[in-house]
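Q: Dropping in input.pdb, which is PDB, N, CA and C atoms and all ligand atoms:
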```
MODEL        1
ATOM      1  N   MET U 246       0.842  -1.208   0.000
ATOM      2  CA  MET U 246       0.000   0.000   0.000
ATOM      3  C   MET U 246       0.868   1.244   0.000
ATOM      4  N   THR U 247       0.720   2.021  -1.042
ATOM      5  CA  THR U 247       1.461   3.269  -1.125
ATOM      6  C   THR U 247       0.467   4.409  -1.257
ATOM      7  N   ALA U 248       0.656   5.415  -0.446
ATOM      8  CA  ALA U 248      -0.224   6.575  -0.541
ATOM      9  C   ALA U 248       0.097   7.344  -1.810
ATOM     10  N   PRO U 249      -0.918   7.949  -2.425
ATOM     11  CA  PRO U 249      -0.657   8.780  -3.606
ATOM     12  C   PRO U 249       0.279   9.929  -3.242
ATOM     13  N   ILE U 250       1.172  10.237  -4.154
ATOM     14  CA  ILE U 250       2.171  11.281  -3.913
ATOM     15  C   ILE U 250       1.844  12.495  -4.778
ATOM     16  N   ARG U 251       1.945  13.660  -4.157
ATOM     17  CA  ARG U 251       1.728  14.895  -4.898
ATOM     18  C   ARG U 251       2.864  15.867  -4.600
ATOM     19  N   THR U 252       3.034  16.820  -5.504
ATOM     20  CA  THR U 252       4.089  17.811  -5.324
ATOM     21  C   THR U 252       3.514  19.080  -4.716
ATOM     22  N   CYS U 253       4.158  19.576  -3.685
ATOM     23  CA  CYS U 253       3.740  20.838  -3.070
ATOM     24  C   CYS U 253       4.155  21.990  -3.967
ATOM     25  N   LEU U 254       3.204  22.855  -4.223
ATOM     26  CA  LEU U 254       3.437  23.994  -5.102
ATOM     27  C   LEU U 254       4.476  24.955  -4.516
ATOM     28  N   GLY U 255       4.533  25.007  -3.199
ATOM     29  CA  GLY U 255       5.442  25.955  -2.556
ATOM     30  C   GLY U 255       6.884  25.483  -2.538
ATOM     31  N   CYS U 256       7.126  24.306  -1.960
ATOM     32  CA  CYS U 256       8.506  23.849  -1.774
ATOM     33  C   CYS U 256       8.929  22.842  -2.832
ATOM     34  N   ARG U 257       8.011  22.441  -3.716
ATOM     35  CA  ARG U 257       8.274  21.488  -4.792
ATOM     36  C   ARG U 257       8.666  20.116  -4.264
ATOM     37  N   GLY U 258       8.473  19.890  -2.980
ATOM     38  CA  GLY U 258       8.764  18.569  -2.431
ATOM     39  C   GLY U 258       7.622  17.625  -2.741
ATOM     40  N   ARG U 259       7.911  16.317  -2.703
ATOM     41  CA  ARG U 259       6.879  15.333  -2.974
ATOM     42  C   ARG U 259       6.450  14.676  -1.671
ATOM     43  N   PHE U 260       5.131  14.661  -1.455
ATOM     44  CA  PHE U 260       4.591  14.197  -0.193
ATOM     45  C   PHE U 260       3.329  13.384  -0.413
ATOM     46  N   ALA U 261       2.974  12.596   0.577
ATOM     47  CA  ALA U 261       1.697  11.893   0.521
ATOM     48  C   ALA U 261       0.587  12.924   0.414
ATOM     49  N   LYS U 262      -0.385  12.596  -0.403
ATOM     50  CA  LYS U 262      -1.474  13.517  -0.697
ATOM     51  C   LYS U 262      -2.140  14.069   0.557
ATOM     52  N   TYR U 263      -2.302  13.209   1.572
ATOM     53  CA  TYR U 263      -3.032  13.644   2.772
ATOM     54  C   TYR U 263      -2.254  14.667   3.590
ATOM     55  N   GLU U 264      -0.949  14.817   3.310
ATOM     56  CA  GLU U 264      -0.167  15.816   4.038
ATOM     57  C   GLU U 264      -0.357  17.210   3.439
ATOM     58  N   LEU U 265      -0.929  17.250   2.267
ATOM     59  CA  LEU U 265      -1.067  18.514   1.551
ATOM     60  C   LEU U 265      -2.531  18.928   1.500
ATOM     61  N   VAL U 266      -2.745  20.191   1.201
ATOM     62  CA  VAL U 266      -4.100  20.708   1.019
ATOM     63  C   VAL U 266      -4.319  20.933  -0.472
ATOM     64  N   ARG U 267      -5.455  20.461  -0.961
ATOM     65  CA  ARG U 267      -5.737  20.649  -2.373
ATOM     66  C   ARG U 267      -6.496  21.952  -2.591
ATOM     67  N   LEU U 268      -6.025  22.706  -3.568
ATOM     68  CA  LEU U 268      -6.731  23.912  -3.992
ATOM     69  C   LEU U 268      -7.211  23.672  -5.404
ATOM     70  N   VAL U 269      -8.413  24.111  -5.692
ATOM     71  CA  VAL U 269      -8.973  23.849  -7.005
ATOM     72  C   VAL U 269      -9.697  25.090  -7.507
ATOM     73  N   TRP U 270      -9.728  25.211  -8.825
ATOM     74  CA  TRP U 270     -10.470  26.310  -9.427
ATOM     75  C   TRP U 270     -11.928  25.916  -9.489
ATOM     76  N   ASN U 271     -12.784  26.702  -8.867
ATOM     77  CA  ASN U 271     -14.213  26.446  -8.879
ATOM     78  C   ASN U 271     -14.871  27.333  -9.929
ATOM     79  N   ASN U 272     -15.337  26.681 -10.999
ATOM     80  CA  ASN U 272     -15.931  27.426 -12.109
ATOM     81  C   ASN U 272     -17.171  28.196 -11.708
ATOM     82  N   ASN U 273     -17.982  27.588 -10.855
ATOM     83  CA  ASN U 273     -19.226  28.239 -10.439
ATOM     84  C   ASN U 273     -18.956  29.534  -9.695
ATOM     85  N   GLU U 274     -17.970  29.483  -8.814
ATOM     86  CA  GLU U 274     -17.668  30.665  -8.024
ATOM     87  C   GLU U 274     -16.686  31.581  -8.739
ATOM     88  N   GLY U 275     -16.020  31.050  -9.742
ATOM     89  CA  GLY U 275     -14.994  31.838 -10.415
ATOM     90  C   GLY U 275     -13.883  32.216  -9.462
ATOM     91  N   ALA U 276     -13.533  31.253  -8.616
ATOM     92  CA  ALA U 276     -12.565  31.555  -7.574
ATOM     93  C   ALA U 276     -11.808  30.294  -7.179
ATOM     94  N   VAL U 277     -10.701  30.500  -6.519
ATOM     95  CA  VAL U 277      -9.932  29.389  -5.978
ATOM     96  C   VAL U 277     -10.540  28.992  -4.637
ATOM     97  N   VAL U 278     -10.743  27.693  -4.458
ATOM     98  CA  VAL U 278     -11.313  27.232  -3.199
ATOM     99  C   VAL U 278     -10.460  26.086  -2.648
ATOM    100  N   VAL U 279     -10.587  25.879  -1.345
ATOM    101  CA  VAL U 279      -9.924  24.741  -0.709
ATOM    102  C   VAL U 279     -10.796  23.515  -0.895
ATOM    103  N   ASP U 280     -10.211  22.464  -1.408
ATOM    104  CA  ASP U 280     -10.921  21.205  -1.605
ATOM    105  C   ASP U 280     -10.545  20.278  -0.454
ATOM    106  N   ALA U 281     -11.277  20.427   0.643
ATOM    107  CA  ALA U 281     -10.910  19.722   1.881
ATOM    108  C   ALA U 281     -10.911  18.210   1.692
ATOM    109  N   LYS U 282     -11.828  17.701   0.887
ATOM    110  CA  LYS U 282     -11.921  16.253   0.709
ATOM    111  C   LYS U 282     -11.094  15.758  -0.474
ATOM    112  N   GLN U 283     -10.485  16.701  -1.204
ATOM    113  CA  GLN U 283      -9.619  16.367  -2.337
ATOM    114  C   GLN U 283     -10.343  15.550  -3.401
ATOM    115  N   VAL U 284     -11.590  15.910  -3.638
ATOM    116  CA  VAL U 284     -12.378  15.157  -4.620
ATOM    117  C   VAL U 284     -13.066  16.056  -5.647
ATOM    118  N   MET U 285     -12.888  17.368  -5.534
ATOM    119  CA  MET U 285     -13.605  18.254  -6.431
ATOM    120  C   MET U 285     -13.054  18.144  -7.847
ATOM    121  N   PRO U 286     -13.944  18.249  -8.838
ATOM    122  CA  PRO U 286     -13.480  18.197 -10.218
ATOM    123  C   PRO U 286     -12.727  19.470 -10.585
ATOM    124  N   GLY U 287     -11.976  19.369 -11.651
ATOM    125  CA  GLY U 287     -11.276  20.559 -12.113
ATOM    126  C   GLY U 287      -9.798  20.477 -11.822
ATOM    127  N   ARG U 288      -9.097  21.441 -12.349
ATOM    128  CA  ARG U 288      -7.660  21.468 -12.207
ATOM    129  C   ARG U 288      -7.289  21.916 -10.808
ATOM    130  N   GLY U 289      -6.528  21.084 -10.128
ATOM    131  CA  GLY U 289      -6.159  21.427  -8.765
ATOM    132  C   GLY U 289      -4.657  21.465  -8.579
ATOM    133  N   CYS U 290      -4.259  21.890  -7.407
ATOM    134  CA  CYS U 290      -2.850  21.834  -7.057
ATOM    135  C   CYS U 290      -2.761  21.584  -5.561
ATOM    136  N   TYR U 291      -1.597  21.195  -5.107
ATOM    137  CA  TYR U 291      -1.427  20.817  -3.707
ATOM    138  C   TYR U 291      -0.399  21.715  -3.044
ATOM    139  N   VAL U 292      -0.717  22.089  -1.808
ATOM    140  CA  VAL U 292       0.128  23.025  -1.077
ATOM    141  C   VAL U 292       0.175  22.608   0.391
ATOM    142  N   HIS U 293       1.350  22.700   1.002
ATOM    143  CA  HIS U 293       1.431  22.614   2.451
ATOM    144  C   HIS U 293       0.805  23.868   3.033
ATOM    145  N   PRO U 294       0.043  23.746   4.084
ATOM    146  CA  PRO U 294      -0.416  24.969   4.749
ATOM    147  C   PRO U 294       0.765  25.881   5.098
ATOM    148  N   GLY U 295       1.863  25.276   5.510
ATOM    149  CA  GLY U 295       3.051  26.060   5.873
ATOM    150  C   GLY U 295       3.735  26.715   4.688
ATOM    151  N   CYS U 296       3.423  26.252   3.483
ATOM    152  CA  CYS U 296       4.037  26.822   2.277
ATOM    153  C   CYS U 296       3.106  27.839   1.612
ATOM    154  N   ALA U 297       1.913  28.012   2.165
ATOM    155  CA  ALA U 297       0.916  28.876   1.529
ATOM    156  C   ALA U 297       1.435  30.302   1.369
ATOM    157  N   ASP U 298       2.204  30.742   2.359
ATOM    158  CA  ASP U 298       2.744  32.101   2.317
ATOM    159  C   ASP U 298       3.598  32.344   1.087
ATOM    160  N   GLN U 299       4.515  31.436   0.829
ATOM    161  CA  GLN U 299       5.409  31.666  -0.304
ATOM    162  C   GLN U 299       4.687  31.460  -1.632
ATOM    163  N   VAL U 300       3.683  30.592  -1.652
ATOM    164  CA  VAL U 300       2.877  30.440  -2.868
ATOM    165  C   VAL U 300       2.196  31.766  -3.175
ATOM    166  N   SER U 301       1.702  32.405  -2.133
ATOM    167  CA  SER U 301       1.034  33.690  -2.291
ATOM    168  C   SER U 301       2.018  34.756  -2.752
ATOM    169  N   ARG U 302       3.166  34.821  -2.108
ATOM    170  CA  ARG U 302       4.152  35.855  -2.435
ATOM    171  C   ARG U 302       4.677  35.697  -3.853
ATOM    172  N   ARG U 303       4.872  34.454  -4.261
ATOM    173  CA  ARG U 303       5.450  34.217  -5.586
ATOM    174  C   ARG U 303       4.379  34.059  -6.654
ATOM    175  N   LYS U 304       3.103  34.234  -6.253
ATOM    176  CA  LYS U 304       1.985  34.196  -7.197
ATOM    177  C   LYS U 304       2.012  32.933  -8.061
ATOM    178  N   LEU U 305       2.126  31.795  -7.394
ATOM    179  CA  LEU U 305       2.271  30.533  -8.111
ATOM    180  C   LEU U 305       0.936  29.904  -8.479
ATOM    181  N   LEU U 306      -0.131  30.386  -7.868
ATOM    182  CA  LEU U 306      -1.415  29.712  -8.005
ATOM    183  C   LEU U 306      -1.973  29.795  -9.426
ATOM    184  N   GLY U 307      -1.915  30.979 -10.003
ATOM    185  CA  GLY U 307      -2.454  31.153 -11.344
ATOM    186  C   GLY U 307      -1.751  30.263 -12.350
ATOM    187  N   ARG U 308      -0.440  30.147 -12.197
ATOM    188  CA  ARG U 308       0.334  29.324 -13.107
ATOM    189  C   ARG U 308      -0.048  27.854 -12.941
ATOM    190  N   ALA U 309      -0.192  27.432 -11.694
ATOM    191  CA  ALA U 309      -0.494  26.021 -11.425
ATOM    192  C   ALA U 309      -1.882  25.658 -11.929
ATOM    193  N   LEU U 310      -2.821  26.582 -11.781
ATOM    194  CA  LEU U 310      -4.200  26.276 -12.141
ATOM    195  C   LEU U 310      -4.501  26.669 -13.589
ATOM    196  N   ARG U 311      -3.513  27.281 -14.226
ATOM    197  CA  ARG U 311      -3.680  27.751 -15.616
ATOM    198  C   ARG U 311      -4.901  28.656 -15.742
ATOM    199  N   ARG U 312      -4.980  29.573 -14.811
ATOM    200  CA  ARG U 312      -6.080  30.524 -14.769
ATOM    201  C   ARG U 312      -5.509  31.884 -14.437
ATOM    202  N   THR U 313      -6.242  32.899 -14.838
ATOM    203  CA  THR U 313      -5.922  34.209 -14.318
ATOM    204  C   THR U 313      -6.684  34.356 -13.021
ATOM    205  N   VAL U 314      -6.019  34.073 -11.925
ATOM    206  CA  VAL U 314      -6.709  34.146 -10.647
ATOM    207  C   VAL U 314      -6.644  35.569 -10.108
ATOM    208  N   ASP U 315      -7.702  35.924  -9.408
ATOM    209  CA  ASP U 315      -7.735  37.216  -8.746
ATOM    210  C   ASP U 315      -6.693  37.185  -7.627
ATOM    211  N   GLY U 316      -5.718  38.069  -7.718
ATOM    212  CA  GLY U 316      -4.617  38.049  -6.760
ATOM    213  C   GLY U 316      -5.071  38.174  -5.320
ATOM    214  N   GLU U 317      -6.026  39.049  -5.076
ATOM    215  CA  GLU U 317      -6.482  39.259  -3.707
ATOM    216  C   GLU U 317      -7.258  38.062  -3.192
ATOM    217  N   GLN U 318      -8.084  37.504  -4.085
ATOM    218  CA  GLN U 318      -8.871  36.335  -3.675
ATOM    219  C   GLN U 318      -7.948  35.157  -3.362
ATOM    220  N   ALA U 319      -6.975  34.922  -4.241
ATOM    221  CA  ALA U 319      -6.031  33.835  -4.022
ATOM    222  C   ALA U 319      -5.247  34.065  -2.732
ATOM    223  N   ALA U 320      -4.852  35.299  -2.506
ATOM    224  CA  ALA U 320      -4.086  35.626  -1.309
ATOM    225  C   ALA U 320      -4.907  35.364  -0.056
ATOM    226  N   ALA U 321      -6.218  35.648  -0.125
ATOM    227  CA  ALA U 321      -7.084  35.429   1.029
ATOM    228  C   ALA U 321      -7.191  33.939   1.348
ATOM    229  N   VAL U 322      -7.356  33.126   0.296
ATOM    230  CA  VAL U 322      -7.443  31.680   0.503
ATOM    231  C   VAL U 322      -6.145  31.152   1.095
ATOM    232  N   LEU U 323      -5.032  31.631   0.556
ATOM    233  CA  LEU U 323      -3.732  31.160   1.028
ATOM    234  C   LEU U 323      -3.438  31.644   2.447
ATOM    235  N   ALA U 324      -3.910  32.836   2.761
ATOM    236  CA  ALA U 324      -3.702  33.359   4.108
ATOM    237  C   ALA U 324      -4.468  32.518   5.130
ATOM    238  N   ALA U 325      -5.694  32.105   4.744
ATOM    239  CA  ALA U 325      -6.484  31.258   5.627
ATOM    240  C   ALA U 325      -5.786  29.919   5.830
ATOM    241  N   LEU U 326      -5.181  29.442   4.756
ATOM    242  CA  LEU U 326      -4.460  28.172   4.808
ATOM    243  C   LEU U 326      -3.255  28.282   5.731
ATOM    244  N   ALA U 327      -2.515  29.373   5.580
ATOM    245  CA  ALA U 327      -1.342  29.608   6.413
ATOM    246  C   ALA U 327      -1.746  29.705   7.880
ATOM    247  N   ALA U 328      -2.894  30.327   8.121
ATOM    248  CA  ALA U 328      -3.370  30.469   9.490
ATOM    249  C   ALA U 328      -3.712  29.112  10.087
ATOM    250  N   SER U 329      -4.304  28.246   9.265
ATOM    251  CA  SER U 329      -4.668  26.924   9.765
ATOM    252  C   SER U 329      -3.417  26.126  10.104
ATOM    253  N   ALA U 330      -2.312  26.422   9.422
ATOM    254  CA  ALA U 330      -1.054  25.716   9.687
ATOM    255  C   ALA U 330      -0.537  26.038  11.075
ATOM    256  N   THR U 331      -0.702  27.282  11.503
ATOM    257  CA  THR U 331      -0.187  27.657  12.815
ATOM    258  C   THR U 331      -1.089  27.140  13.925
ATOM    259  N   GLN U 332      -2.373  26.909  13.572
ATOM    260  CA  GLN U 332      -3.287  26.388  14.595
ATOM    261  C   GLN U 332      -3.026  24.912  14.893
ATOM    262  N   SER U 333      -2.717  24.152  13.853
ATOM    263  CA  SER U 333      -2.485  22.732  14.062
ATOM    264  C   SER U 333      -1.204  22.301  13.360
ATOM    265  N   PRO U 334      -0.083  22.468  14.045
ATOM    266  CA  PRO U 334       1.192  22.100  13.434
ATOM    267  C   PRO U 334       1.232  20.611  13.105
ATOM    268  N   ALA U 335       1.835  20.280  11.995
ATOM    269  CA  ALA U 335       1.878  18.893  11.536
ATOM    270  C   ALA U 335       2.745  18.055  12.485
TER
HETATM  271 ZN    ZN G   1       5.606  22.638   0.801
ENDMDL
END
```
Turn this file's structure into structure tokens for me.
Ligand SMILES: [Zn+2]

A:
Amino acid sequence: MTAPIRTCLGCRGRFAKYELVRLVWNNNEGAVVVDAKQVMPGRGCYVHPGCADQVSRRKLLGRALRRTVDGEQAAAVLAALAASATQSPA
């Protein structure tokens, strides 16, 4: 049994999927959302909560999702993610 491996957008390290948070482009909302269950359709990417800050600073989300993401909206999602990292350290 091997857990699925995904690459973190922030540190480019490869980790078991459950260690990362999936972000996906939600067409209905026209926004980036957190896919807590990692099952939403659409193009997604994986990020450590602890790496969310640098993903935001380096504006990596739009490139990963192949979308023109709203910078402020993406930053808000990533900031929430970063905050959750400090609440529950891995
Ligand atoms: Zn990372």

Q: Could you list the protein, DNA and RNA residues that have any atom within 7 Å of ligand ZN 1 (chain G), counting all atoms listed in the file, and write them as JSON, numbers by chain?

A: {"U": [252, 253, 254, 255, 256, 257, 258, 292, 293, 294, 295, 296, 297]}

Q: Kindly give the distance, in Å, that separates atom N of Ala328 (chain U) and atom C of Gln299 (chain U), rounded to a single decimal.

A: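 Going from atom N of Ala328 (chain U) over to atom C of Gln299 (chain U) covers 12.4 Å.
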
Q: Tell me which residues the PyMOL selection byres (((chain U and resi 265-282) around 7) and not hetatm) grabs here, as a list in words.

A: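 Residues picked by the PyMOL selection byres (((chain U and resi 265-282) around 7) and not hetatm): Phe260, Ala261, Lys262, Tyr263, Glu264, Gln283, Val284, Met285, Pro286, Gly287, Arg288, Gly289, Cys290, Tyr291, Val292, His293, Pro294, Leu310, Val314, Asp315, Gln318, Ala319 and Val322 of chain U.
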
Q: Please determine, counting only C-alpha atoms, which residue among U:Ala248, U:Ala309, U:Arg303, U:Asp298 has the shortest atom-to-atom distance to Thr331 (chain U).

A: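 Ranked by minimum distance to Thr331 (chain U), first place goes to U:Asp298.
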
Q: In Å to one decimal, how far is CA of Thr313 (chain U) from CA of Ala330 (chain U)?

A: 25.9 Å

Q: Just how far from CA of Ser329 (chain U) is CA of Leu306 (chain U), in Å to one decimal?

A: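 A separation of 18.3 Å between them.
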
Q: Would you give me, as number ranges by chain, the residues in chain U that DSSP reads as alpha helix (DSSP H)?

A: U: 297-302, 306-310, 316-332

Q: Could the residues in this selection be saved with N, CA and C atoms as a PDB file, in the frame of the given file?

A:
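Okay, this is what ended up in result_14.pdb:
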```pdb
ATOM      1  N   ALA U 297       1.913  28.012   2.165  1.00  0.00           N
ATOM      2  CA  ALA U 297       0.916  28.876   1.529  1.00  0.00           C
ATOM      3  C   ALA U 297       1.435  30.302   1.369  1.00  0.00           C
ATOM      4  N   ASP U 298       2.204  30.742   2.359  1.00  0.00           N
ATOM      5  CA  ASP U 298       2.744  32.101   2.317  1.00  0.00           C
ATOM      6  C   ASP U 298       3.598  32.344   1.087  1.00  0.00           C
ATOM      7  N   GLN U 299       4.515  31.436   0.829  1.00  0.00           N
ATOM      8  CA  GLN U 299       5.409  31.666  -0.304  1.00  0.00           C
ATOM      9  C   GLN U 299       4.687  31.460  -1.632  1.00  0.00           C
ATOM     10  N   VAL U 300       3.683  30.592  -1.652  1.00  0.00           N
ATOM     11  CA  VAL U 300       2.877  30.440  -2.868  1.00  0.00           C
ATOM     12  C   VAL U 300       2.196  31.766  -3.175  1.00  0.00           C
ATOM     13  N   SER U 301       1.702  32.405  -2.133  1.00  0.00           N
ATOM     14  CA  SER U 301       1.034  33.690  -2.291  1.00  0.00           C
ATOM     15  C   SER U 301       2.018  34.756  -2.752  1.00  0.00           C
ATOM     16  N   ARG U 302       3.166  34.821  -2.108  1.00  0.00           N
ATOM     17  CA  ARG U 302       4.152  35.855  -2.435  1.00  0.00           C
ATOM     18  C   ARG U 302       4.677  35.697  -3.853  1.00  0.00           C
ATOM     19  N   LEU U 306      -0.131  30.386  -7.868  1.00  0.00           N
ATOM     20  CA  LEU U 306      -1.415  29.712  -8.005  1.00  0.00           C
ATOM     21  C   LEU U 306      -1.973  29.795  -9.426  1.00  0.00           C
ATOM     22  N   GLY U 307      -1.915  30.979 -10.003  1.00  0.00           N
ATOM     23  CA  GLY U 307      -2.454  31.153 -11.344  1.00  0.00           C
ATOM     24  C   GLY U 307      -1.751  30.263 -12.350  1.00  0.00           C
ATOM     25  N   ARG U 308      -0.440  30.147 -12.197  1.00  0.00           N
ATOM     26  CA  ARG U 308       0.334  29.324 -13.107  1.00  0.00           C
ATOM     27  C   ARG U 308      -0.048  27.854 -12.941  1.00  0.00           C
ATOM     28  N   ALA U 309      -0.192  27.432 -11.694  1.00  0.00           N
ATOM     29  CA  ALA U 309      -0.494  26.021 -11.425  1.00  0.00           C
ATOM     30  C   ALA U 309      -1.882  25.658 -11.929  1.00  0.00           C
ATOM     31  N   LEU U 310      -2.821  26.582 -11.781  1.00  0.00           N
ATOM     32  CA  LEU U 310      -4.200  26.276 -12.141  1.00  0.00           C
ATOM     33  C   LEU U 310      -4.501  26.669 -13.589  1.00  0.00           C
ATOM     34  N   GLY U 316      -5.718  38.069  -7.718  1.00  0.00           N
ATOM     35  CA  GLY U 316      -4.617  38.049  -6.760  1.00  0.00           C
ATOM     36  C   GLY U 316      -5.071  38.174  -5.320  1.00  0.00           C
ATOM     37  N   GLU U 317      -6.026  39.049  -5.076  1.00  0.00           N
ATOM     38  CA  GLU U 317      -6.482  39.259  -3.707  1.00  0.00           C
ATOM     39  C   GLU U 317      -7.258  38.062  -3.192  1.00  0.00           C
ATOM     40  N   GLN U 318      -8.084  37.504  -4.085  1.00  0.00           N
ATOM     41  CA  GLN U 318      -8.871  36.335  -3.675  1.00  0.00           C
ATOM     42  C   GLN U 318      -7.948  35.157  -3.362  1.00  0.00           C
ATOM     43  N   ALA U 319      -6.975  34.922  -4.241  1.00  0.00           N
ATOM     44  CA  ALA U 319      -6.031  33.835  -4.022  1.00  0.00           C
ATOM     45  C   ALA U 319      -5.247  34.065  -2.732  1.00  0.00           C
ATOM     46  N   ALA U 320      -4.852  35.299  -2.506  1.00  0.00           N
ATOM     47  CA  ALA U 320      -4.086  35.626  -1.309  1.00  0.00           C
ATOM     48  C   ALA U 320      -4.907  35.364  -0.056  1.00  0.00           C
ATOM     49  N   ALA U 321      -6.218  35.648  -0.125  1.00  0.00           N
ATOM     50  CA  ALA U 321      -7.084  35.429   1.029  1.00  0.00           C
ATOM     51  C   ALA U 321      -7.191  33.939   1.348  1.00  0.00           C
ATOM     52  N   VAL U 322      -7.356  33.126   0.296  1.00  0.00           N
ATOM     53  CA  VAL U 322      -7.443  31.680   0.503  1.00  0.00           C
ATOM     54  C   VAL U 322      -6.145  31.152   1.095  1.00  0.00           C
ATOM     55  N   LEU U 323      -5.032  31.631   0.556  1.00  0.00           N
ATOM     56  CA  LEU U 323      -3.732  31.160   1.028  1.00  0.00           C
ATOM     57  C   LEU U 323      -3.438  31.644   2.447  1.00  0.00           C
ATOM     58  N   ALA U 324      -3.910  32.836   2.761  1.00  0.00           N
ATOM     59  CA  ALA U 324      -3.702  33.359   4.108  1.00  0.00           C
ATOM     60  C   ALA U 324      -4.468  32.518   5.130  1.00  0.00           C
ATOM     61  N   ALA U 325      -5.694  32.105   4.744  1.00  0.00           N
ATOM     62  CA  ALA U 325      -6.484  31.258   5.627  1.00  0.00           C
ATOM     63  C   ALA U 325      -5.786  29.919   5.830  1.00  0.00           C
ATOM     64  N   LEU U 326      -5.181  29.442   4.756  1.00  0.00           N
ATOM     65  CA  LEU U 326      -4.460  28.172   4.808  1.00  0.00           C
ATOM     66  C   LEU U 326      -3.255  28.282   5.731  1.00  0.00           C
ATOM     67  N   ALA U 327      -2.515  29.373   5.580  1.00  0.00           N
ATOM     68  CA  ALA U 327      -1.342  29.608   6.413  1.00  0.00           C
ATOM     69  C   ALA U 327      -1.746  29.705   7.880  1.00  0.00           C
ATOM     70  N   ALA U 328      -2.894  30.327   8.121  1.00  0.00           N
ATOM     71  CA  ALA U 328      -3.370  30.469   9.490  1.00  0.00           C
ATOM     72  C   ALA U 328      -3.712  29.112  10.087  1.00  0.00           C
ATOM     73  N   SER U 329      -4.304  28.246   9.265  1.00  0.00           N
ATOM     74  CA  SER U 329      -4.668  26.924   9.765  1.00  0.00           C
ATOM     75  C   SER U 329      -3.417  26.126  10.104  1.00  0.00           C
ATOM     76  N   ALA U 330      -2.312  26.422   9.422  1.00  0.00           N
ATOM     77  CA  ALA U 330      -1.054  25.716   9.687  1.00  0.00           C
ATOM     78  C   ALA U 330      -0.537  26.038  11.075  1.00  0.00           C
ATOM     79  N   THR U 331      -0.702  27.282  11.503  1.00  0.00           N
ATOM     80  CA  THR U 331      -0.187  27.657  12.815  1.00  0.00           C
ATOM     81  C   THR U 331      -1.089  27.140  13.925  1.00  0.00           C
ATOM     82  N   GLN U 332      -2.373  26.909  13.572  1.00  0.00           N
ATOM     83  CA  GLN U 332      -3.287  26.388  14.595  1.00  0.00           C
ATOM     84  C   GLN U 332      -3.026  24.912  14.893  1.00  0.00           C
TER      85      GLN U 332
END
```
